[in-house]
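**Q** File model_19.pdb follows (PDB, C-alpha atoms, pLDDT in the B column):
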ATOM      1  CA  MET A   1      -0.582  -7.261  75.465  1.00 53.00           C
ATOM      2  CA  ASN A   2      -3.188  -9.940  76.091  1.00 53.00           C
ATOM      3  CA  ASN A   3      -6.764  -9.730  74.830  1.00 50.00           C
ATOM      4  CA  ILE A   4      -8.236  -8.225  78.041  1.00 58.00           C
ATOM      5  CA  GLU A   5      -5.489  -5.593  78.254  1.00 70.00           C
ATOM      6  CA  ASN A   6      -5.978  -4.815  74.570  1.00 85.00           C
ATOM      7  CA  LYS A   7      -9.737  -4.297  75.069  1.00 89.00           C
ATOM      8  CA  SER A   8      -9.099  -2.058  78.084  1.00 90.00           C
ATOM      9  CA  PHE A   9      -6.536  -0.055  76.130  1.00 92.00           C
ATOM     10  CA  ARG A  10      -8.939   0.396  73.206  1.00 93.00           C
ATOM     11  CA  ALA A  11     -11.737   1.477  75.560  1.00 94.00           C
ATOM     12  CA  ALA A  12      -9.486   4.007  77.313  1.00 95.00           C
ATOM     13  CA  TYR A  13      -8.114   5.189  73.967  1.00 95.00           C
ATOM     14  CA  GLN A  14     -11.645   5.741  72.625  1.00 95.00           C
ATOM     15  CA  ALA A  15     -12.623   7.609  75.802  1.00 95.00           C
ATOM     16  CA  ALA A  16      -9.564   9.843  75.403  1.00 95.00           C
ATOM     17  CA  LEU A  17     -10.393  10.524  71.750  1.00 95.00           C
ATOM     18  CA  LYS A  18     -13.902  11.594  72.775  1.00 95.00           C
ATOM     19  CA  LEU A  19     -12.374  14.040  75.266  1.00 94.00           C
ATOM     20  CA  LEU A  20     -10.048  15.409  72.597  1.00 94.00           C
ATOM     21  CA  ALA A  21     -12.915  15.779  70.137  1.00 94.00           C
ATOM     22  CA  LEU A  22     -14.401  18.436  72.411  1.00 91.00           C
ATOM     23  CA  LYS A  23     -11.202  20.477  72.824  1.00 90.00           C
ATOM     24  CA  ASP A  24      -7.438  20.174  73.086  1.00 90.00           C
ATOM     25  CA  ARG A  25      -6.420  18.910  76.498  1.00 91.00           C
ATOM     26  CA  THR A  26      -3.223  18.493  78.456  1.00 90.00           C
ATOM     27  CA  ARG A  27      -1.623  15.216  79.396  1.00 91.00           C
ATOM     28  CA  LYS A  28      -2.680  15.828  83.005  1.00 90.00           C
ATOM     29  CA  GLU A  29      -6.323  16.538  82.094  1.00 91.00           C
ATOM     30  CA  ILE A  30      -6.704  13.397  80.003  1.00 94.00           C
ATOM     31  CA  THR A  31      -4.991  11.205  82.588  1.00 95.00           C
ATOM     32  CA  GLU A  32      -7.211  12.523  85.399  1.00 94.00           C
ATOM     33  CA  LYS A  33     -10.411  12.154  83.374  1.00 94.00           C
ATOM     34  CA  LEU A  34      -9.537   8.591  82.368  1.00 96.00           C
ATOM     35  CA  LYS A  35      -8.842   7.702  86.016  1.00 96.00           C
ATOM     36  CA  ARG A  36     -12.203   9.199  87.010  1.00 96.00           C
ATOM     37  CA  LYS A  37     -13.837   6.971  84.406  1.00 95.00           C
ATOM     38  CA  GLY A  38     -12.361   3.957  86.187  1.00 94.00           C
ATOM     39  CA  PHE A  39      -9.219   3.281  84.156  1.00 94.00           C
ATOM     40  CA  SER A  40      -5.983   2.546  86.034  1.00 93.00           C
ATOM     41  CA  SER A  41      -3.173   5.104  86.243  1.00 94.00           C
ATOM     42  CA  ASP A  42      -0.868   2.867  84.233  1.00 94.00           C
ATOM     43  CA  LEU A  43      -3.415   2.410  81.477  1.00 94.00           C
ATOM     44  CA  ALA A  44      -4.217   6.134  81.405  1.00 95.00           C
ATOM     45  CA  ASN A  45      -0.504   6.941  81.099  1.00 94.00           C
ATOM     46  CA  GLN A  46      -0.068   4.385  78.306  1.00 94.00           C
ATOM     47  CA  VAL A  47      -2.979   5.877  76.381  1.00 95.00           C
ATOM     48  CA  VAL A  48      -1.712   9.429  76.812  1.00 95.00           C
ATOM     49  CA  SER A  49       1.784   8.381  75.715  1.00 94.00           C
ATOM     50  CA  GLN A  50       0.279   6.822  72.593  1.00 94.00           C
ATOM     51  CA  LEU A  51      -1.722   9.980  71.895  1.00 95.00           C
ATOM     52  CA  GLU A  52       1.429  12.091  72.300  1.00 93.00           C
ATOM     53  CA  GLU A  53       3.299   9.868  69.841  1.00 94.00           C
ATOM     54  CA  GLU A  54       0.466  10.361  67.367  1.00 94.00           C
ATOM     55  CA  GLY A  55       0.585  14.128  67.886  1.00 93.00           C
ATOM     56  CA  LEU A  56      -2.923  14.288  69.324  1.00 94.00           C
ATOM     57  CA  VAL A  57      -1.780  15.541  72.732  1.00 92.00           C
ATOM     58  CA  ASN A  58       0.594  18.487  72.773  1.00 91.00           C
ATOM     59  CA  ASP A  59       0.984  20.337  76.073  1.00 89.00           C
ATOM     60  CA  CYS A  60       2.966  23.186  74.464  1.00 89.00           C
ATOM     61  CA  LYS A  61       0.182  23.868  71.969  1.00 91.00           C
ATOM     62  CA  VAL A  62      -2.434  23.802  74.733  1.00 91.00           C
ATOM     63  CA  SER A  63      -0.258  26.096  76.877  1.00 92.00           C
ATOM     64  CA  GLN A  64       0.132  28.573  74.007  1.00 93.00           C
ATOM     65  CA  THR A  65      -3.606  28.603  73.305  1.00 93.00           C
ATOM     66  CA  TYR A  66      -4.505  28.937  76.989  1.00 93.00           C
ATOM     67  CA  PHE A  67      -2.046  31.796  77.478  1.00 95.00           C
ATOM     68  CA  ASN A  68      -3.386  33.633  74.418  1.00 94.00           C
ATOM     69  CA  GLU A  69      -7.002  33.201  75.556  1.00 94.00           C
ATOM     70  CA  LEU A  70      -6.289  34.518  79.042  1.00 94.00           C
ATOM     71  CA  TRP A  71      -4.122  37.389  77.851  1.00 95.00           C
ATOM     72  CA  ASN A  72      -6.338  38.521  74.978  1.00 94.00           C
ATOM     73  CA  TYR A  73      -9.843  37.817  76.278  1.00 94.00           C
ATOM     74  CA  SER A  74      -9.701  38.318  80.032  1.00 94.00           C
ATOM     75  CA  ASN A  75      -8.329  40.850  82.463  1.00 93.00           C
ATOM     76  CA  ALA A  76      -5.822  38.358  83.868  1.00 94.00           C
ATOM     77  CA  GLY A  77      -2.342  39.656  84.538  1.00 94.00           C
ATOM     78  CA  PRO A  78       0.931  37.727  84.597  1.00 95.00           C
ATOM     79  CA  THR A  79       0.600  36.312  88.114  1.00 94.00           C
ATOM     80  CA  LYS A  80      -2.994  35.198  87.613  1.00 95.00           C
ATOM     81  CA  ILE A  81      -2.136  33.590  84.260  1.00 95.00           C
ATOM     82  CA  LEU A  82       0.720  31.701  85.898  1.00 94.00           C
ATOM     83  CA  ASN A  83      -1.474  30.523  88.792  1.00 94.00           C
ATOM     84  CA  LYS A  84      -4.372  29.455  86.563  1.00 93.00           C
ATOM     85  CA  SER A  85      -2.062  27.599  84.198  1.00 92.00           C
ATOM     86  CA  LYS A  86      -0.475  25.817  87.157  1.00 90.00           C
ATOM     87  CA  GLU A  87      -3.930  24.665  88.318  1.00 87.00           C
ATOM     88  CA  LYS A  88      -4.572  23.361  84.818  1.00 85.00           C
ATOM     89  CA  GLY A  89      -1.302  21.408  84.804  1.00 84.00           C
ATOM     90  CA  LEU A  90       0.377  23.384  82.045  1.00 89.00           C
ATOM     91  CA  ASP A  91       4.137  23.666  81.574  1.00 86.00           C
ATOM     92  CA  GLN A  92       5.149  26.477  83.942  1.00 91.00           C
ATOM     93  CA  GLU A  93       8.453  27.217  82.201  1.00 93.00           C
ATOM     94  CA  PHE A  94       6.663  27.646  78.880  1.00 93.00           C
ATOM     95  CA  ILE A  95       4.070  29.975  80.436  1.00 94.00           C
ATOM     96  CA  LYS A  96       6.809  31.982  82.196  1.00 95.00           C
ATOM     97  CA  ALA A  97       8.596  32.371  78.860  1.00 95.00           C
ATOM     98  CA  MET A  98       5.372  33.637  77.267  1.00 95.00           C
ATOM     99  CA  ILE A  99       4.902  36.129  80.105  1.00 95.00           C
ATOM    100  CA  ASN A 100       8.521  37.272  79.855  1.00 96.00           C
ATOM    101  CA  ASN A 101       7.971  37.937  76.135  1.00 96.00           C
ATOM    102  CA  LEU A 102       5.343  40.550  76.993  1.00 95.00           C
ATOM    103  CA  THR A 103       6.748  44.051  76.760  1.00 94.00           C
ATOM    104  CA  GLU A 104       6.345  46.666  79.463  1.00 94.00           C
ATOM    105  CA  GLU A 105       4.243  48.639  76.991  1.00 95.00           C
ATOM    106  CA  GLU A 106       1.869  45.695  76.380  1.00 95.00           C
ATOM    107  CA  LEU A 107       1.421  45.237  80.119  1.00 95.00           C
ATOM    108  CA  LYS A 108       0.850  48.935  80.702  1.00 94.00           C
ATOM    109  CA  THR A 109      -1.622  49.169  77.812  1.00 95.00           C
ATOM    110  CA  LYS A 110      -3.657  46.310  79.241  1.00 95.00           C
ATOM    111  CA  VAL A 111      -3.729  47.889  82.717  1.00 94.00           C
ATOM    112  CA  LYS A 112      -4.711  51.275  81.263  1.00 92.00           C
ATOM    113  CA  ASN A 113      -7.539  49.702  79.249  1.00 91.00           C
ATOM    114  CA  ILE A 114      -8.864  47.977  82.369  1.00 90.00           C
ATOM    115  CA  ILE A 115      -8.682  51.239  84.321  1.00 88.00           C
ATOM    116  CA  LYS A 116     -10.516  53.155  81.579  1.00 86.00           C
ATOM    117  CA  LYS A 117     -13.188  50.481  81.270  1.00 84.00           C
ATOM    118  CA  ARG A 118     -13.809  50.290  85.016  1.00 81.00           C
ATOM    119  CA  MET A 119     -13.373  53.969  85.900  1.00 77.00           C
ATOM    120  CA  LYS A 120     -16.964  55.138  85.742  1.00 68.00           C
ATOM    121  CA  GLN A 121     -16.811  57.351  88.783  1.00 58.00           C
ATOM    122  CA  GLY A 122     -13.952  59.663  89.577  1.00 61.00           C
ATOM    123  CA  ASP A 123     -14.009  59.093  93.309  1.00 70.00           C
ATOM    124  CA  ASN A 124     -11.186  57.600  95.332  1.00 75.00           C
ATOM    125  CA  LYS A 125     -13.267  54.568  96.336  1.00 79.00           C
ATOM    126  CA  ALA A 126     -13.588  53.590  92.678  1.00 82.00           C
ATOM    127  CA  LYS A 127      -9.857  54.112  92.126  1.00 85.00           C
ATOM    128  CA  LEU A 128      -8.986  51.986  95.138  1.00 87.00           C
ATOM    129  CA  ARG A 129     -11.422  49.297  94.038  1.00 88.00           C
ATOM    130  CA  ILE A 130      -9.838  49.206  90.568  1.00 89.00           C
ATOM    131  CA  TYR A 131      -6.367  49.207  92.128  1.00 90.00           C
ATOM    132  CA  ARG A 132      -7.244  46.167  94.277  1.00 92.00           C
ATOM    133  CA  TYR A 133      -8.902  44.480  91.305  1.00 93.00           C
ATOM    134  CA  LEU A 134      -5.749  44.875  89.193  1.00 94.00           C
ATOM    135  CA  LEU A 135      -3.606  43.512  92.019  1.00 94.00           C
ATOM    136  CA  ASN A 136      -5.922  40.486  92.225  1.00 94.00           C
ATOM    137  CA  GLN A 137      -5.577  40.045  88.466  1.00 94.00           C
ATOM    138  CA  GLY A 138      -1.828  39.645  88.942  1.00 94.00           C
ATOM    139  CA  PHE A 139      -0.410  43.002  87.882  1.00 94.00           C
ATOM    140  CA  SER A 140       2.436  44.574  89.878  1.00 93.00           C
ATOM    141  CA  TYR A 141       2.076  47.623  92.148  1.00 91.00           C
ATOM    142  CA  SER A 142       4.551  49.650  90.113  1.00 92.00           C
ATOM    143  CA  LEU A 143       2.857  48.876  86.798  1.00 94.00           C
ATOM    144  CA  ILE A 144      -0.564  49.837  88.162  1.00 93.00           C
ATOM    145  CA  ASN A 145       0.797  53.091  89.611  1.00 91.00           C
ATOM    146  CA  ARG A 146       2.484  54.017  86.305  1.00 91.00           C
ATOM    147  CA  ALA A 147      -0.702  53.283  84.361  1.00 92.00           C
ATOM    148  CA  PHE A 148      -2.825  55.392  86.734  1.00 89.00           C
ATOM    149  CA  ALA A 149      -0.281  58.218  86.484  1.00 90.00           C
ATOM    150  CA  GLU A 150      -0.188  58.109  82.679  1.00 90.00           C
ATOM    151  CA  LEU A 151      -3.971  58.324  82.603  1.00 87.00           C
ATOM    152  CA  GLY A 152      -3.818  61.380  84.840  1.00 84.00           C
ATOM    153  CA  TYR A 153      -5.146  59.667  87.953  1.00 81.00           C
ATOM    154  CA  ASN A 154      -3.585  59.374  91.341  1.00 73.00           C
ATOM    155  CA  LEU A 155      -5.107  57.871  94.413  1.00 65.00           C
ATOM    156  CA  THR A 156      -5.849  61.193  96.099  1.00 60.00           C
ATOM    157  CA  ASN A 157      -6.897  63.599  93.323  1.00 48.00           C
ATOM    158  CA  GLN A 158      -9.485  63.494  90.589  1.00 45.00           C
ATOM    159  CA  GLN A 159      -8.456  63.152  86.940  1.00 44.00           C
ATOM    160  CA  GLU A 160      -6.317  66.119  86.027  1.00 42.00           C
TER     161      GLU A 160
END
Show this structure as structure tokens.
**A**
Amino acid sequence: MNNIENKSFRAAYQAALKLLALKDRTRKEITEKLKRKGFSSDLANQVVSQLEEEGLVNDCKVSQTYFNELWNYSNAGPTKILNKSKEKGLDQEFIKAMINNLTEEELKTKVKNIIKKRMKQGDNKAKLRIYRYLLNQGFSYSLINRAFAELGYNLTNQQE
């Protein structure tokens, strides 16, 4: 590496370290941010490879953390988690494995908690609105129906 390349590498490396000081980031995130700062793709990839060798960039760790945050602190269901993680450039197979590790009971409990939290009125409009909301959050039709049924709600009658 000649002197100019070495200076560029150090500058890109320092920029990447500043990004990592704020929060853990994926390989894709760091590469894109370095390119936006004016560094070449090759240089960005070299820097990220170096950071991976040093253990400072770990996509699996970021994927695990991201999955846990979405699952535990949002209303996102499996499909939404998968889509959001794809947008973020996370390892899809790893995320799918995490989703597949969720039990039916964990999924149903989450849906039931969302229903209880959002079910202020007992009218059918509210039920339908919650039903659509849960679908948009990535939960399956059958899971939502089972959760409503276990809570004593159906889409035509009031709570029994």
**Q** Convert the output of the PyMOL selection byres ((chain A and resi 52) around 12) on the shown file into explicit residues, formatted as a VMD selection string.
**A** chain A and resid 13 16 to 17 20 25 to 27 30 45 to 51 53 to 61
**Q** Please identify every residue of region 64-93 of chain A that has at least one atom no farther than 6 Å from an atom of region 131-139 of chain A, counting all atoms listed in the file, and for each give the shortest atom pair and the distance in Å to one decimal, arranged by chain then increasing number, as a Markdown table.
**A**
| residue | atom | partner | partner_atom | distance |
| --- | --- | --- | --- | --- |
| A:Ala76 | CA | A:Gln137 | CA | 4.9 |
| A:Gly77 | CA | A:Gly138 | CA | 4.4 |
| A:Pro78 | CA | A:Gly138 | CA | 5.5 |
| A:Thr79 | CA | A:Gly138 | CA | 4.2 |
| A:Lys80 | CA | A:Gly138 | CA | 4.8 |
**Q** Go through region 127-152 of chain A and flag each residue having an atom no more than 7 Å from region 105-120 of chain A; for those, report the closest pair of atoms plus their distance in Å to one decimal, using all atoms listed in the file, ordered by chain and rising number, as a tab-separated table.
**A**
residue	atom	partner	partner_atom	distance
A:Ile130	CA	A:Ile115	CA	6.7
A:Leu143	CA	A:Lys108	CA	6.4
A:Ile144	CA	A:Val111	CA	6.6
A:Ala147	CA	A:Lys112	CA	5.4
**Q** Could you give me, as a CSV table (one decimal) with C-alpha atoms, in the frame of the given file, the residues within 12 Å of Leu82 (chain A), counting all atoms listed in the file and dropping anything in the same chain fewer than 2 positions from it?
**A**
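Okay, this is what ended up in result-v6.csv:
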chain,number,residue,atom,x,y,z
A,63,SER,CA,-0.3,26.1,76.9
A,66,TYR,CA,-4.5,28.9,77.0
A,67,PHE,CA,-2.0,31.8,77.5
A,70,LEU,CA,-6.3,34.5,79.0
A,71,TRP,CA,-4.1,37.4,77.9
A,76,ALA,CA,-5.8,38.4,83.9
A,77,GLY,CA,-2.3,39.7,84.5
A,78,PRO,CA,0.9,37.7,84.6
A,79,THR,CA,0.6,36.3,88.1
A,80,LYS,CA,-3.0,35.2,87.6
A,84,LYS,CA,-4.4,29.5,86.6
A,85,SER,CA,-2.1,27.6,84.2
A,86,LYS,CA,-0.5,25.8,87.2
A,87,GLU,CA,-3.9,24.7,88.3
A,88,LYS,CA,-4.6,23.4,84.8
A,89,GLY,CA,-1.3,21.4,84.8
A,90,LEU,CA,0.4,23.4,82.0
A,91,ASP,CA,4.1,23.7,81.6
A,92,GLN,CA,5.1,26.5,83.9
A,93,GLU,CA,8.5,27.2,82.2
A,94,PHE,CA,6.7,27.6,78.9
A,95,ILE,CA,4.1,30.0,80.4
A,96,LYS,CA,6.8,32.0,82.2
A,97,ALA,CA,8.6,32.4,78.9
A,98,MET,CA,5.4,33.6,77.3
A,99,ILE,CA,4.9,36.1,80.1
A,100,ASN,CA,8.5,37.3,79.9
A,137,GLN,CA,-5.6,40.0,88.5
A,138,GLY,CA,-1.8,39.6,88.9
A,139,PHE,CA,-0.4,43.0,87.9
**Q** Which distance in Å separates CA of Leu102 (chain A) and CA of Leu128 (chain A), to one decimal?
**A** 25.8 Å
**Q** Quote the spacing between CA of Asp42 (chain A) and CA of Gln14 (chain A) in Å to one decimal place.
**A**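 Here the two named atoms are 16.1 Å from each other.
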**Q** Could you rebuild region 14-33 of chain A with N, CA and C atoms and give me the result as a PDB file, in the coordinates of the input?
**A**
ATOM      1  N   GLN A  14     -10.416   5.161  73.188  1.00 95.00           N
ATOM      2  CA  GLN A  14     -11.645   5.741  72.625  1.00 95.00           C
ATOM      3  C   GLN A  14     -12.199   6.837  73.537  1.00 95.00           C
ATOM      4  N   ALA A  15     -12.153   6.595  74.848  1.00 95.00           N
ATOM      5  CA  ALA A  15     -12.623   7.609  75.802  1.00 95.00           C
ATOM      6  C   ALA A  15     -11.771   8.874  75.686  1.00 95.00           C
ATOM      7  N   ALA A  16     -10.466   8.698  75.541  1.00 95.00           N
ATOM      8  CA  ALA A  16      -9.564   9.843  75.403  1.00 95.00           C
ATOM      9  C   ALA A  16      -9.838  10.597  74.102  1.00 95.00           C
ATOM     10  N   LEU A  17     -10.085   9.872  73.028  1.00 95.00           N
ATOM     11  CA  LEU A  17     -10.393  10.524  71.750  1.00 95.00           C
ATOM     12  C   LEU A  17     -11.676  11.350  71.848  1.00 95.00           C
ATOM     13  N   LYS A  18     -12.658  10.833  72.584  1.00 95.00           N
ATOM     14  CA  LYS A  18     -13.902  11.594  72.775  1.00 95.00           C
ATOM     15  C   LYS A  18     -13.619  12.899  73.520  1.00 95.00           C
ATOM     16  N   LEU A  19     -12.745  12.830  74.528  1.00 94.00           N
ATOM     17  CA  LEU A  19     -12.374  14.040  75.266  1.00 94.00           C
ATOM     18  C   LEU A  19     -11.679  15.044  74.343  1.00 94.00           C
ATOM     19  N   LEU A  20     -10.798  14.538  73.503  1.00 94.00           N
ATOM     20  CA  LEU A  20     -10.048  15.409  72.597  1.00 94.00           C
ATOM     21  C   LEU A  20     -10.919  15.966  71.474  1.00 94.00           C
ATOM     22  N   ALA A  21     -12.012  15.287  71.179  1.00 94.00           N
ATOM     23  CA  ALA A  21     -12.915  15.779  70.137  1.00 94.00           C
ATOM     24  C   ALA A  21     -13.590  17.074  70.577  1.00 94.00           C
ATOM     25  N   LEU A  22     -13.757  17.239  71.881  1.00 91.00           N
ATOM     26  CA  LEU A  22     -14.401  18.436  72.411  1.00 91.00           C
ATOM     27  C   LEU A  22     -13.464  19.633  72.393  1.00 91.00           C
ATOM     28  N   LYS A  23     -12.207  19.411  72.811  1.00 90.00           N
ATOM     29  CA  LYS A  23     -11.202  20.477  72.824  1.00 90.00           C
ATOM     30  C   LYS A  23      -9.834  19.865  73.086  1.00 90.00           C
ATOM     31  N   ASP A  24      -8.789  20.628  72.773  1.00 90.00           N
ATOM     32  CA  ASP A  24      -7.438  20.174  73.086  1.00 90.00           C
ATOM     33  C   ASP A  24      -7.289  20.106  74.599  1.00 90.00           C
ATOM     34  N   ARG A  25      -6.610  19.088  75.062  1.00 91.00           N
ATOM     35  CA  ARG A  25      -6.420  18.910  76.498  1.00 91.00           C
ATOM     36  C   ARG A  25      -4.970  18.562  76.788  1.00 91.00           C
ATOM     37  N   THR A  26      -4.583  18.813  78.037  1.00 90.00           N
ATOM     38  CA  THR A  26      -3.223  18.493  78.456  1.00 90.00           C
ATOM     39  C   THR A  26      -3.127  17.025  78.841  1.00 90.00           C
ATOM     40  N   ARG A  27      -1.899  16.579  78.948  1.00 91.00           N
ATOM     41  CA  ARG A  27      -1.623  15.216  79.396  1.00 91.00           C
ATOM     42  C   ARG A  27      -2.290  14.975  80.756  1.00 91.00           C
ATOM     43  N   LYS A  28      -2.125  15.946  81.653  1.00 90.00           N
ATOM     44  CA  LYS A  28      -2.680  15.828  83.005  1.00 90.00           C
ATOM     45  C   LYS A  28      -4.209  15.717  82.968  1.00 90.00           C
ATOM     46  N   GLU A  29      -4.855  16.559  82.178  1.00 91.00           N
ATOM     47  CA  GLU A  29      -6.323  16.538  82.094  1.00 91.00           C
ATOM     48  C   GLU A  29      -6.844  15.185  81.614  1.00 91.00           C
ATOM     49  N   ILE A  30      -6.236  14.675  80.560  1.00 94.00           N
ATOM     50  CA  ILE A  30      -6.704  13.397  80.003  1.00 94.00           C
ATOM     51  C   ILE A  30      -6.478  12.271  81.001  1.00 94.00           C
ATOM     52  N   THR A  31      -5.302  12.252  81.612  1.00 95.00           N
ATOM     53  CA  THR A  31      -4.991  11.205  82.588  1.00 95.00           C
ATOM     54  C   THR A  31      -5.997  11.222  83.735  1.00 95.00           C
ATOM     55  N   GLU A  32      -6.265  12.414  84.278  1.00 94.00           N
ATOM     56  CA  GLU A  32      -7.211  12.523  85.399  1.00 94.00           C
ATOM     57  C   GLU A  32      -8.621  12.099  84.993  1.00 94.00           C
ATOM     58  N   LYS A  33      -9.056  12.510  83.811  1.00 94.00           N
ATOM     59  CA  LYS A  33     -10.411  12.154  83.374  1.00 94.00           C
ATOM     60  C   LYS A  33     -10.535  10.656  83.124  1.00 94.00           C
TER      61      LYS A  33
END
